[in-house]
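Each remark here refers to the structure printed beneath this line.
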Amino acid sequence: MHSLRIGRLELDELWAYVGCKQKNVKRKDLAVTGDQYTFIALASTARAIVSYRTGKRDSDNTHEVCTRSA
C-alpha cells in the first residue's frame, strides 16, 4: 500500500501461547515459547493493517511496531 492517508491509528495486541503456557516454560526456551503477542497497528478509517509484529511482550517489540507504523 502507498499513499494511504491515516487520520487515526489504533494499536492493539493479541495474546497466544507457543508450545506451552508461560508457567510451564523452561528457562532455556524462554525466548521462543510461552506467551507471545501479535502487536497490530490499524488505520481505522481505511480498515487496513499498517504494521504488525509477533513476539514477547516487551518494550523492544512494542517500540518496533509503533515506530514502523508512524
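As shown in the C-alpha cells, the chain order sets the letters A, B, ...; within each chain, residues go from 1, and ligands are also counted from 1 in the order they appear.
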Might you pull out every residue within 8 Å of stretch 8-16 of chain A, with only C-alpha atoms counted and same-chain residues fewer than 4 positions away left off, and present them as a PDB file with C-alpha atoms, in the first residue's frame?
```
ATOM      1  CA  ASP A  35       3.277 -16.220  25.928  1.00  0.00           C
ATOM      2  CA  GLN A  36       3.571 -14.443  22.575  1.00  0.00           C
ATOM      3  CA  TYR A  37       1.781 -11.309  21.429  1.00  0.00           C
ATOM      4  CA  THR A  38       0.915 -10.014  17.980  1.00  0.00           C
ATOM      5  CA  PHE A  39       1.029  -6.230  18.063  1.00  0.00           C
ATOM      6  CA  ILE A  40      -1.153  -4.644  15.355  1.00  0.00           C
ATOM      7  CA  ALA A  41      -1.362  -1.067  14.079  1.00  0.00           C
ATOM      8  CA  LEU A  42      -4.676  -0.416  12.291  1.00  0.00           C
ATOM      9  CA  ALA A  43      -5.696   2.518  10.129  1.00  0.00           C
ATOM     10  CA  SER A  44      -9.265   2.779  11.374  1.00  0.00           C
ATOM     11  CA  THR A  45     -10.832   4.762   8.506  1.00  0.00           C
TER      12      THR A  45
END
```
* Asked: How many Å separate atom CA of A:Tyr17 from atom CA of A:Ser59?
  -> 18.6 Å
* Point-to-point distance from atom CA of A:Leu4 to atom CA of A:Ala46, Å rounded to tenths -> 8.0 Å
Using DSSP secondary structure from the backbone, list all helix (DSSP H, G or I) positions within chain A, as a PDB file with N, CA and C atoms, in the first residue's frame.
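Okay, out10.pdb is ready:
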```pdb
ATOM      1  N   GLN A  22       2.989 -20.053  29.664  1.00  0.00           N
ATOM      2  CA  GLN A  22       4.154 -19.389  30.249  1.00  0.00           C
ATOM      3  C   GLN A  22       4.632 -20.037  31.542  1.00  0.00           C
ATOM      4  N   LYS A  23       3.704 -20.502  32.367  1.00  0.00           N
ATOM      5  CA  LYS A  23       4.103 -21.091  33.656  1.00  0.00           C
ATOM      6  C   LYS A  23       4.870 -22.400  33.496  1.00  0.00           C
ATOM      7  N   ASN A  24       4.793 -23.044  32.333  1.00  0.00           N
ATOM      8  CA  ASN A  24       5.485 -24.304  32.090  1.00  0.00           C
ATOM      9  C   ASN A  24       6.753 -24.162  31.255  1.00  0.00           C
ATOM     10  N   ARG A  27      13.629 -22.447  31.424  1.00  0.00           N
ATOM     11  CA  ARG A  27      14.474 -21.244  31.315  1.00  0.00           C
ATOM     12  C   ARG A  27      15.184 -21.162  29.961  1.00  0.00           C
ATOM     13  N   LYS A  28      15.652 -22.281  29.426  1.00  0.00           N
ATOM     14  CA  LYS A  28      16.387 -22.269  28.157  1.00  0.00           C
ATOM     15  C   LYS A  28      15.480 -21.951  26.959  1.00  0.00           C
ATOM     16  N   ASP A  29      14.181 -22.165  27.095  1.00  0.00           N
ATOM     17  CA  ASP A  29      13.233 -21.921  25.999  1.00  0.00           C
ATOM     18  C   ASP A  29      12.454 -20.623  26.170  1.00  0.00           C
ATOM     19  N   SER A  59       9.380  -4.046  25.804  1.00  0.00           N
ATOM     20  CA  SER A  59       9.468  -2.694  25.252  1.00  0.00           C
ATOM     21  C   SER A  59      10.065  -2.681  23.848  1.00  0.00           C
ATOM     22  N   ASP A  60      10.972  -3.595  23.532  1.00  0.00           N
ATOM     23  CA  ASP A  60      11.571  -3.626  22.196  1.00  0.00           C
ATOM     24  C   ASP A  60      10.536  -3.912  21.116  1.00  0.00           C
ATOM     25  N   ASN A  61       9.699  -4.916  21.314  1.00  0.00           N
ATOM     26  CA  ASN A  61       8.677  -5.255  20.319  1.00  0.00           C
ATOM     27  C   ASN A  61       7.610  -4.168  20.226  1.00  0.00           C
ATOM     28  N   THR A  62       7.220  -3.612  21.357  1.00  0.00           N
ATOM     29  CA  THR A  62       6.218  -2.549  21.339  1.00  0.00           C
ATOM     30  C   THR A  62       6.747  -1.322  20.620  1.00  0.00           C
ATOM     31  N   HIS A  63       7.974  -0.934  20.908  1.00  0.00           N
ATOM     32  CA  HIS A  63       8.578   0.212  20.252  1.00  0.00           C
ATOM     33  C   HIS A  63       8.714  -0.014  18.739  1.00  0.00           C
ATOM     34  N   GLU A  64       9.073  -1.218  18.347  1.00  0.00           N
ATOM     35  CA  GLU A  64       9.262  -1.534  16.930  1.00  0.00           C
ATOM     36  C   GLU A  64       7.974  -1.364  16.132  1.00  0.00           C
ATOM     37  N   VAL A  65       6.866  -1.865  16.630  1.00  0.00           N
ATOM     38  CA  VAL A  65       5.605  -1.734  15.874  1.00  0.00           C
ATOM     39  C   VAL A  65       5.128  -0.277  15.867  1.00  0.00           C
ATOM     40  N   CYS A  66       5.385   0.467  16.921  1.00  0.00           N
ATOM     41  CA  CYS A  66       4.976   1.876  16.961  1.00  0.00           C
ATOM     42  C   CYS A  66       5.803   2.729  16.003  1.00  0.00           C
ATOM     43  N   THR A  67       7.088   2.484  15.895  1.00  0.00           N
ATOM     44  CA  THR A  67       7.916   3.296  15.018  1.00  0.00           C
ATOM     45  C   THR A  67       7.730   2.925  13.557  1.00  0.00           C
ATOM     46  N   ARG A  68       7.443   1.684  13.261  1.00  0.00           N
ATOM     47  CA  ARG A  68       7.197   1.288  11.869  1.00  0.00           C
ATOM     48  C   ARG A  68       5.900   1.836  11.329  1.00  0.00           C
ATOM     49  N   SER A  69       4.916   1.999  12.173  1.00  0.00           N
ATOM     50  CA  SER A  69       3.613   2.452  11.710  1.00  0.00           C
ATOM     51  C   SER A  69       3.499   3.965  11.694  1.00  0.00           C
TER      52      SER A  69
END
```
